[in-house]
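Engineer: Sharing target_10.cif here; it has mmCIF, C-alpha atoms.
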```
data_coords
loop_
_atom_site.group_PDB
_atom_site.id
_atom_site.type_symbol
_atom_site.label_atom_id
_atom_site.label_comp_id
_atom_site.auth_asym_id
_atom_site.auth_seq_id
_atom_site.Cartn_x
_atom_site.Cartn_y
_atom_site.Cartn_z
ATOM 1 C CA MET E 1 96.933 93.885 68.193
ATOM 2 C CA LEU E 2 94.126 91.388 67.730
ATOM 3 C CA ILE E 3 92.443 90.290 70.972
ATOM 4 C CA ARG E 4 90.154 87.308 70.588
ATOM 5 C CA PRO E 5 87.711 86.404 73.398
ATOM 6 C CA SER E 6 86.738 82.812 73.922
ATOM 7 C CA SER E 7 83.028 83.596 73.966
ATOM 8 C CA PRO E 8 81.816 87.215 73.735
ATOM 9 C CA ILE E 9 78.424 88.090 75.154
ATOM 10 C CA LEU E 10 75.940 90.825 74.482
ATOM 11 C CA PRO E 11 75.300 93.714 76.907
ATOM 12 C CA SER E 12 71.846 92.368 77.725
ATOM 13 C CA GLU E 13 73.378 89.078 78.870
ATOM 14 C CA ILE E 14 76.124 90.313 81.160
ATOM 15 C CA THR E 15 74.186 90.768 84.379
ATOM 16 C CA PRO E 16 71.678 88.888 86.497
ATOM 17 C CA GLU E 17 70.083 92.072 87.804
ATOM 18 C CA GLY E 18 66.574 92.934 86.665
ATOM 19 C CA VAL E 19 67.193 96.520 87.674
ATOM 20 C CA TRP E 20 70.103 96.672 85.266
ATOM 21 C CA ARG E 21 67.910 95.473 82.429
ATOM 22 C CA SER E 22 65.253 98.078 83.173
ATOM 23 C CA ARG E 23 67.927 100.770 83.374
ATOM 24 C CA ARG E 24 69.184 99.789 79.940
ATOM 25 C CA GLU E 25 65.668 100.178 78.561
ATOM 26 C CA TRP E 26 65.312 103.583 80.239
ATOM 27 C CA MET E 27 68.637 104.718 78.852
ATOM 28 C CA ALA E 28 67.698 103.604 75.339
ATOM 29 C CA ARG E 29 64.443 105.555 75.491
ATOM 30 C CA SER E 30 66.272 108.617 76.834
ATOM 31 C CA ALA E 31 68.911 108.360 74.114
ATOM 32 C CA ALA E 32 66.221 108.336 71.456
ATOM 33 C CA ALA E 33 64.658 111.418 72.991
ATOM 34 C CA ALA E 34 68.024 113.148 73.148
ATOM 35 C CA ALA E 35 68.670 112.364 69.491
ATOM 36 C CA ALA E 36 65.304 113.835 68.583
ATOM 37 C CA LEU E 37 66.320 117.040 70.326
ATOM 38 C CA GLY E 38 69.565 117.129 68.378
ATOM 39 C CA MET E 39 71.895 116.676 71.383
ATOM 40 C CA ALA E 40 75.562 116.340 70.430
ATOM 41 C CA GLY E 41 77.442 113.230 71.554
ATOM 42 C CA TRP E 42 79.277 114.989 74.373
ATOM 43 C CA ALA E 43 76.167 116.830 75.554
ATOM 44 C CA GLN E 44 74.380 113.516 75.746
ATOM 45 C CA ARG E 45 77.210 111.948 77.780
ATOM 46 C CA GLN E 46 77.217 114.928 80.114
ATOM 47 C CA ALA E 47 73.477 114.482 80.639
ATOM 48 C CA TRP E 48 74.049 110.820 81.479
ATOM 49 C CA ALA E 49 76.760 111.708 84.009
ATOM 50 C CA GLU E 50 74.557 114.272 85.688
ATOM 51 C CA ALA E 51 71.883 111.599 86.046
ATOM 52 C CA GLY E 52 74.390 109.142 87.543
ATOM 53 C CA ALA E 53 74.430 106.941 84.445
ATOM 54 C CA LEU E 54 77.443 106.399 82.200
ATOM 55 C CA PRO E 55 76.707 104.014 79.331
ATOM 56 C CA GLY E 56 79.391 102.634 77.063
ATOM 57 C CA LYS E 57 79.385 100.798 73.773
ATOM 58 C CA SER E 58 79.857 97.072 74.292
ATOM 59 C CA VAL E 59 83.193 95.841 72.935
ATOM 60 C CA PRO E 60 83.031 92.048 72.388
ATOM 61 C CA GLU E 61 86.802 91.603 72.017
ATOM 62 C CA PHE E 62 87.223 92.940 75.560
ATOM 63 C CA THR E 63 84.351 90.958 77.078
ATOM 64 C CA VAL E 64 84.685 87.654 78.957
ATOM 65 C CA SER E 65 81.873 85.119 79.094
ATOM 66 C CA ASP E 66 81.898 84.670 82.890
ATOM 67 C CA LYS E 67 78.755 85.567 84.802
ATOM 68 C CA PRO E 68 79.176 89.115 86.163
ATOM 69 C CA THR E 69 79.297 89.739 89.890
ATOM 70 C CA PRO E 70 76.119 91.474 91.170
ATOM 71 C CA PHE E 71 76.471 95.237 91.494
ATOM 72 C CA LYS E 72 75.616 95.084 95.209
ATOM 73 C CA ASP E 73 78.752 92.986 95.784
ATOM 74 C CA VAL E 74 80.941 95.039 93.441
ATOM 75 C CA SER E 75 79.997 98.191 95.345
ATOM 76 C CA SER E 76 80.118 96.829 98.907
ATOM 77 C CA TYR E 77 83.094 94.439 99.034
ATOM 78 C CA ASN E 78 86.137 96.605 98.386
ATOM 79 C CA ASN E 79 89.794 97.165 99.164
ATOM 80 C CA TYR E 80 90.296 100.906 99.560
ATOM 81 C CA TYR E 81 92.455 101.287 102.667
ATOM 82 C CA GLU E 82 92.189 105.073 102.713
ATOM 83 C CA PHE E 83 88.646 104.475 103.998
ATOM 84 C CA GLY E 84 89.412 101.543 106.308
ATOM 85 C CA LEU E 85 90.833 98.042 106.298
ATOM 86 C CA ASP E 86 87.589 96.052 106.393
ATOM 87 C CA LYS E 87 85.899 95.208 103.101
ATOM 88 C CA GLY E 88 82.740 97.088 104.078
ATOM 89 C CA ASP E 89 84.497 100.245 105.296
ATOM 90 C CA PRO E 90 84.784 101.946 101.888
ATOM 91 C CA GLN E 91 81.048 101.740 101.208
ATOM 92 C CA ARG E 92 80.300 103.200 104.652
ATOM 93 C CA ALA E 93 82.909 105.983 104.601
ATOM 94 C CA ALA E 94 83.636 106.908 100.982
ATOM 95 C CA GLY E 95 80.512 109.005 100.534
ATOM 96 C CA ALA E 96 82.493 111.946 101.906
ATOM 97 C CA LEU E 97 85.082 111.773 99.102
ATOM 98 C CA LYS E 98 85.114 115.039 97.120
ATOM 99 C CA THR E 99 85.248 114.214 93.411
ATOM 100 C CA ARG E 100 84.622 117.706 91.987
ATOM 101 C CA PRO E 101 86.596 119.702 91.037
ATOM 102 C CA TRP E 102 89.128 117.076 89.933
ATOM 103 C CA THR E 103 92.240 117.231 87.781
ATOM 104 C CA VAL E 104 94.833 114.670 86.758
ATOM 105 C CA SER E 105 98.362 115.802 85.884
ATOM 106 C CA VAL E 106 100.334 113.794 83.329
ATOM 107 C CA GLU E 107 104.000 114.694 83.576
ATOM 108 C CA GLY E 108 107.583 113.482 83.393
ATOM 109 C CA GLU E 109 109.090 112.087 80.176
ATOM 110 C CA ALA E 110 106.496 113.650 77.889
ATOM 111 C CA GLY E 111 106.718 116.097 75.020
ATOM 112 C CA LYS E 112 103.481 117.800 76.024
ATOM 113 C CA PRO E 113 102.943 117.331 79.778
ATOM 114 C CA ARG E 114 99.726 118.869 81.062
ATOM 115 C CA SER E 115 96.800 118.590 83.463
ATOM 116 C CA PHE E 116 93.370 117.319 82.466
ATOM 117 C CA ASP E 117 90.078 118.245 84.071
ATOM 118 C CA ILE E 118 87.774 115.289 84.719
ATOM 119 C CA ASP E 119 85.302 116.618 82.147
ATOM 120 C CA GLU E 120 88.073 116.715 79.539
ATOM 121 C CA LEU E 121 88.892 113.103 80.299
ATOM 122 C CA LEU E 122 85.258 112.055 80.052
ATOM 123 C CA LYS E 123 85.075 113.335 76.484
ATOM 124 C CA LEU E 124 88.608 112.380 75.415
ATOM 125 C CA ALA E 125 87.491 109.112 73.792
ATOM 126 C CA PRO E 126 84.235 107.177 73.240
ATOM 127 C CA MET E 127 83.089 105.281 76.319
ATOM 128 C CA GLU E 128 83.281 101.504 76.075
ATOM 129 C CA GLU E 129 81.818 98.800 78.282
ATOM 130 C CA ARG E 130 84.227 95.948 78.897
ATOM 131 C CA VAL E 131 83.571 92.943 81.111
ATOM 132 C CA TYR E 132 86.835 92.070 82.901
ATOM 133 C CA ARG E 133 87.832 89.533 85.512
ATOM 134 C CA LEU E 134 89.343 90.990 88.690
ATOM 135 C CA ARG E 135 91.555 88.755 90.860
ATOM 136 C CA CYS E 136 92.756 89.974 94.268
ATOM 137 C CA VAL E 137 95.849 88.707 95.996
ATOM 138 C CA GLU E 138 93.784 87.567 99.020
ATOM 139 C CA GLY E 139 92.156 84.851 96.946
ATOM 140 C CA TRP E 140 88.818 86.359 95.859
ATOM 141 C CA SER E 141 87.690 87.420 92.433
ATOM 142 C CA MET E 142 84.907 89.278 90.630
ATOM 143 C CA VAL E 143 83.691 89.825 87.070
ATOM 144 C CA ILE E 144 82.906 93.499 86.459
ATOM 145 C CA PRO E 145 81.428 95.496 83.559
ATOM 146 C CA TRP E 146 83.712 98.545 83.511
ATOM 147 C CA VAL E 147 83.025 101.719 81.503
ATOM 148 C CA GLY E 148 85.909 103.748 80.093
ATOM 149 C CA TYR E 149 88.598 103.451 77.412
ATOM 150 C CA SER E 150 92.179 102.299 76.961
ATOM 151 C CA LEU E 151 94.737 104.245 79.016
ATOM 152 C CA SER E 152 96.828 104.601 75.859
ATOM 153 C CA ARG E 153 94.271 107.114 74.553
ATOM 154 C CA LEU E 154 95.308 109.482 77.348
ATOM 155 C CA LEU E 155 99.041 108.784 77.275
ATOM 156 C CA LYS E 156 99.257 109.521 73.555
ATOM 157 C CA GLN E 157 97.919 113.006 74.241
ATOM 158 C CA VAL E 158 101.132 113.968 76.071
ATOM 159 C CA GLU E 159 103.507 112.389 73.535
ATOM 160 C CA PRO E 160 105.769 110.140 75.646
ATOM 161 C CA THR E 161 109.471 110.557 74.893
ATOM 162 C CA GLY E 162 111.857 107.742 74.077
ATOM 163 C CA ASN E 163 113.015 107.821 77.715
ATOM 164 C CA ALA E 164 109.562 106.879 79.045
ATOM 165 C CA LYS E 165 109.999 103.280 80.194
ATOM 166 C CA TYR E 166 107.620 103.233 83.186
ATOM 167 C CA VAL E 167 104.348 104.851 84.235
ATOM 168 C CA GLU E 168 103.687 105.727 87.887
ATOM 169 C CA PHE E 169 100.177 106.375 89.211
ATOM 170 C CA THR E 170 99.454 108.445 92.324
ATOM 171 C CA THR E 171 96.085 108.442 94.073
ATOM 172 C CA VAL E 172 94.339 111.193 95.977
ATOM 173 C CA THR E 173 94.870 112.012 99.662
ATOM 174 C CA GLN E 174 92.030 113.894 101.331
ATOM 175 C CA ARG E 175 92.746 114.104 105.051
ATOM 176 C CA GLU E 176 89.314 115.515 105.751
ATOM 177 C CA THR E 177 87.459 112.622 104.088
ATOM 178 C CA MET E 178 89.771 109.595 104.390
ATOM 179 C CA PRO E 179 90.005 108.179 107.934
ATOM 180 C CA GLY E 180 92.306 105.388 106.795
ATOM 181 C CA LEU E 181 95.139 107.836 106.173
ATOM 182 C CA ASP E 182 95.718 107.837 109.927
ATOM 183 C CA SER E 183 96.769 104.192 109.755
ATOM 184 C CA ARG E 184 100.363 103.159 109.203
ATOM 185 C CA VAL E 185 99.613 100.253 106.906
ATOM 186 C CA LEU E 186 101.065 102.169 103.931
ATOM 187 C CA ASP E 187 103.120 105.249 103.176
ATOM 188 C CA TRP E 188 100.557 107.642 101.678
ATOM 189 C CA PRO E 189 99.744 108.673 99.007
ATOM 190 C CA TYR E 190 99.171 105.315 97.375
ATOM 191 C CA THR E 191 101.291 104.754 94.291
ATOM 192 C CA GLU E 192 101.455 102.012 91.684
ATOM 193 C CA ALA E 193 103.350 101.545 88.448
ATOM 194 C CA LEU E 194 103.471 99.676 85.155
ATOM 195 C CA ARG E 195 106.029 99.236 82.448
ATOM 196 C CA MET E 196 105.324 101.479 79.474
ATOM 197 C CA ASP E 197 104.345 98.576 77.226
ATOM 198 C CA GLU E 198 101.942 97.303 79.898
ATOM 199 C CA ALA E 199 100.384 100.749 80.247
ATOM 200 C CA MET E 200 99.978 101.087 76.479
ATOM 201 C CA HIS E 201 98.436 97.636 76.065
ATOM 202 C CA PRO E 202 94.816 97.957 74.850
ATOM 203 C CA LEU E 203 93.528 95.914 77.801
ATOM 204 C CA THR E 204 94.828 98.483 80.310
ATOM 205 C CA MET E 205 91.791 100.634 80.946
ATOM 206 C CA LEU E 206 91.065 104.072 82.356
ATOM 207 C CA VAL E 207 87.746 103.542 84.160
ATOM 208 C CA PHE E 208 85.018 106.104 84.853
ATOM 209 C CA GLY E 209 82.033 103.831 85.483
ATOM 210 C CA VAL E 210 80.756 100.400 86.402
ATOM 211 C CA TYR E 211 77.544 98.642 85.410
ATOM 212 C CA GLY E 212 76.635 101.640 83.273
ATOM 213 C CA LYS E 213 76.793 104.001 86.257
ATOM 214 C CA VAL E 214 79.247 106.708 87.199
ATOM 215 C CA LEU E 215 81.943 105.024 89.288
ATOM 216 C CA PRO E 216 80.918 104.863 92.983
ATOM 217 C CA ASN E 217 83.314 106.536 95.410
ATOM 218 C CA GLN E 218 84.190 103.239 97.090
ATOM 219 C CA ASN E 219 85.214 101.805 93.715
ATOM 220 C CA GLY E 220 87.685 104.608 92.985
ATOM 221 C CA ALA E 221 85.723 107.621 91.727
ATOM 222 C CA PRO E 222 86.053 109.618 89.635
ATOM 223 C CA LEU E 223 88.589 107.562 87.652
ATOM 224 C CA ARG E 224 90.789 104.543 88.231
ATOM 225 C CA LEU E 225 92.753 101.852 86.433
ATOM 226 C CA ALA E 226 91.683 98.346 85.476
ATOM 227 C CA VAL E 227 94.583 96.040 84.553
ATOM 228 C CA PRO E 228 92.836 92.674 84.280
ATOM 229 C CA TRP E 229 95.813 90.291 84.090
ATOM 230 C CA LYS E 230 97.359 91.646 87.311
ATOM 231 C CA TYR E 231 96.274 91.384 90.940
ATOM 232 C CA GLY E 232 93.752 93.998 91.972
ATOM 233 C CA PHE E 233 96.110 96.252 93.935
ATOM 234 C CA LYS E 234 97.769 97.277 90.646
ATOM 235 C CA SER E 235 94.499 98.898 89.490
ATOM 236 C CA ALA E 236 94.935 102.138 91.417
ATOM 237 C CA LYS E 237 91.852 104.170 92.398
ATOM 238 C CA SER E 238 91.015 107.904 92.408
ATOM 239 C CA LEU E 239 93.976 108.981 90.283
ATOM 240 C CA VAL E 240 95.413 112.501 90.517
ATOM 241 C CA ARG E 241 98.862 112.144 88.931
ATOM 242 C CA ILE E 242 100.478 110.046 86.200
ATOM 243 C CA ARG E 243 104.258 110.262 85.732
ATOM 244 C CA LEU E 244 106.242 108.877 82.801
ATOM 245 C CA LEU E 245 109.645 107.762 84.088
ATOM 246 C CA GLU E 246 112.927 106.392 82.777
ATOM 247 C CA GLN E 247 113.661 104.352 85.917
ATOM 248 C CA ALA E 248 111.342 101.886 87.650
ATOM 249 C CA PRO E 249 109.667 103.433 90.721
ATOM 250 C CA ARG E 250 108.884 101.573 93.945
ATOM 251 C CA SER E 251 105.168 101.296 94.533
ATOM 252 C CA SER E 252 103.429 101.524 97.908
ATOM 253 C CA TRP E 253 103.157 97.779 98.480
ATOM 254 C CA MET E 254 106.742 97.200 97.358
ATOM 255 C CA LYS E 255 107.843 99.614 100.077
ATOM 256 C CA ALA E 256 105.547 98.124 102.724
ATOM 257 C CA ALA E 257 106.196 94.412 102.094
ATOM 258 C CA PRO E 258 108.697 93.731 99.294
ATOM 259 C CA GLN E 259 108.861 90.026 100.169
ATOM 260 C CA GLU E 260 105.134 89.728 99.386
ATOM 261 C CA TYR E 261 104.416 92.275 96.633
ATOM 262 C CA GLY E 262 106.691 92.631 93.626
ATOM 263 C CA PHE E 263 106.611 95.117 90.781
ATOM 264 C CA TYR E 264 104.824 92.906 88.265
ATOM 265 C CA ALA E 265 101.997 91.378 90.320
ATOM 266 C CA ASN E 266 100.892 89.232 87.382
ATOM 267 C CA VAL E 267 98.224 86.724 88.324
ATOM 268 C CA ASN E 268 100.244 83.515 88.522
ATOM 269 C CA PRO E 269 98.858 80.405 90.272
ATOM 270 C CA GLN E 270 102.319 78.845 90.225
ATOM 271 C CA VAL E 271 103.824 81.487 92.536
ATOM 272 C CA PRO E 272 102.318 81.375 96.046
ATOM 273 C CA HIS E 273 101.993 84.393 98.261
ATOM 274 C CA PRO E 274 104.281 83.879 101.294
ATOM 275 C CA ARG E 275 101.220 83.388 103.521
ATOM 276 C CA TRP E 276 98.819 81.502 101.232
ATOM 277 C CA SER E 277 98.472 79.729 97.906
ATOM 278 C CA GLN E 278 97.386 81.536 94.734
ATOM 279 C CA ALA E 279 96.345 78.329 92.953
ATOM 280 C CA THR E 280 92.606 78.763 93.594
ATOM 281 C CA GLU E 281 90.125 81.583 94.104
ATOM 282 C CA ARG E 282 86.598 82.176 95.369
ATOM 283 C CA ARG E 283 84.255 84.201 93.161
ATOM 284 C CA ILE E 284 82.376 86.825 95.191
ATOM 285 C CA GLY E 285 78.594 86.638 94.832
ATOM 286 C CA GLU E 286 78.477 82.880 94.276
ATOM 287 C CA ASP E 287 76.936 81.262 97.393
ATOM 288 C CA GLY E 288 79.061 83.300 99.816
ATOM 289 C CA ILE E 289 81.662 81.473 101.872
ATOM 290 C CA PHE E 290 80.191 78.159 100.736
ATOM 291 C CA SER E 291 80.962 78.762 97.062
ATOM 292 C CA PRO E 292 83.434 76.216 95.683
ATOM 293 C CA LYS E 293 86.888 77.449 94.869
ATOM 294 C CA ARG E 294 87.933 77.499 91.235
ATOM 295 C CA PRO E 295 91.407 77.130 89.745
ATOM 296 C CA THR E 296 93.167 80.440 89.160
ATOM 297 C CA LEU E 297 94.062 81.009 85.509
ATOM 298 C CA MET E 298 97.499 82.126 84.401
ATOM 299 C CA PHE E 299 97.436 85.888 83.781
ATOM 300 C CA ASN E 300 93.854 85.733 85.077
ATOM 301 C CA GLY E 301 92.786 84.116 81.793
ATOM 302 C CA TYR E 302 94.379 86.775 79.576
ATOM 303 C CA ALA E 303 97.502 84.798 78.631
ATOM 304 C CA ASP E 304 96.730 84.840 74.902
ATOM 305 C CA GLN E 305 96.746 88.624 74.961
ATOM 306 C CA VAL E 306 99.615 89.477 77.333
ATOM 307 C CA ALA E 307 102.024 86.534 77.734
ATOM 308 C CA SER E 308 104.218 87.911 74.944
ATOM 309 C CA LEU E 309 105.016 90.933 77.140
ATOM 310 C CA TYR E 310 107.044 88.690 79.460
ATOM 311 C CA GLN E 311 108.983 86.455 77.098
ATOM 312 C CA GLY E 312 112.341 85.606 78.660
ATOM 313 C CA LEU E 313 111.301 86.956 82.070
ATOM 314 C CA ASP E 314 111.455 84.647 85.094
ATOM 315 C CA LEU E 315 107.961 85.119 86.509
ATOM 316 C CA LYS E 316 108.859 83.399 89.769
ATOM 317 C CA GLN E 317 111.667 85.832 90.444
ATOM 318 C CA ASN E 318 109.797 88.787 88.943
ATOM 319 C CA TYR E 319 106.581 88.270 90.876
#
```
Would you mind writing the structure in this file as structure tokens?

Structural biologist:
Amino acid sequence: MLIRPSSPILPSEITPEGVWRSRREWMARSAAAAAALGMAGWAQRQAWAEAGALPGKSVPEFTVSDKPTPFKDVSSYNNYYEFGLDKGDPQRAAGALKTRPWTVSVEGEAGKPRSFDIDELLKLAPMEERVYRLRCVEGWSMVIPWVGYSLSRLLKQVEPTGNAKYVEFTTVTQRETMPGLDSRVLDWPYTEALRMDEAMHPLTMLVFGVYGKVLPNQNGAPLRLAVPWKYGFKSAKSLVRIRLLEQAPRSSWMKAAPQEYGFYANVNPQVPHPRWSQATERRIGEDGIFSPKRPTLMFNGYADQVASLYQGLDLKQNY
């Protein structure tokens, strides 16, 4: 599948932060030193992770030209209800999340179901940096440089059977670290799902980092999804289980409010949320609450890449 961006940008151009630029320079110098010492590729990546850095090779075909959201906003304005309902709660509370040891089981309709340790997943495929738009159902958006690789790289490892039509994702529950689990807003653990063809699409990303850093806890450490043409709640955080299923599962938000959150959750400005319009959005990090709203793009601007997945589907009924 050929994915053509409207205007790819270089890694050095994707962020307004001077700190990010200096970090890139530091990482380049360190990489040269590591090469001189004869470090293998995986050993080098492990050294990065231990230092809190996680660089990825820039992939222009997966990079949008929008100005990226500053890291301080990406890491402080979050939806992660397990740590609280306010946008600032995850940054304040998620430091307690235990991300080691960590395993992810991949099971269900698979020829070779198995569990993967986080270190196995980190070395499963080369790390890529992709700059994606993120659009949340509440009307705000961000542009984020994610680090990871296509989810399909993992799913192929377990050899999905012909009965695998859907993929369900389950996130972690840690009663001792997650105060939000005491709330009744959702039926825990949090689950989400995609059709198999959506999950295998090259845009669907398994994420381990952001802005060249290991993923912060409040952003879904140690690994999460990024599905850029869907509303943000589809990009489940802190994954511990992936199930390949023959029948469509009901996700957490479908159970909690089926009249508001459907299975597909494709970004669609023509279908309003029952309590507000989806026709416009406000980009976080642009002049705060005084930033002008911008029109929301169909499929979040990824229509050329994903619209063919929904040919013949009524997107107003299948919201």

Engineer: Need to verify the contact set: segment 83-92 of chain E, 10 Å, only C-alpha atoms, exclusion of same-chain residues closer than 2 positions in sequence. Can you return it as number ranges by chain?

Structural biologist: E: 75-81, 94-97, 177-183, 185, 216-220

Engineer: Just to confirm, what's the straight-line distance from atom CA of Cys136 of chain E to atom CA of Asn268 of chain E in Å (one decimal)?

Structural biologist: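 Computed distance, atom CA of Cys136 of chain E to atom CA of Asn268 of chain E, equals 11.4 Å.
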
Engineer: Can you list, as number ranges by chain, every protein, DNA or RNA residue that comes within 10 Å of Leu315 of chain E when you count all atoms listed in the file, leaving out same-chain residues fewer than 4 positions away?

Structural biologist: E: 264-266, 268, 270-271, 310-311, 319

Engineer: Starting from the PyMOL selection byres ((chain E and resi 294-308) around 7), expand the selection into actual residues of this file and give them as a count of residues only.

Structural biologist: 17

Engineer: For the file shown, report as a count of residues only the outcome of the PyMOL selection byres ((chain E and resi 260) around 10) at residue level.

Structural biologist: 15

Engineer: For a quick check of understanding, using all atoms listed in the file, which of E:Val131, E:Leu186, E:Leu239, E:Ala93 has the smallest distance to Val210 of chain E?

Structural biologist: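 Closest to Val210 of chain E of all the choices is E:Val131.
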
Engineer: Could you pull the residues within 8 Å of Asp66 of chain E, counting all atoms listed in the file, minus those fewer than 2 positions along the same chain, as a PyMOL selection string?

Structural biologist: chain E and resi 64+68+143
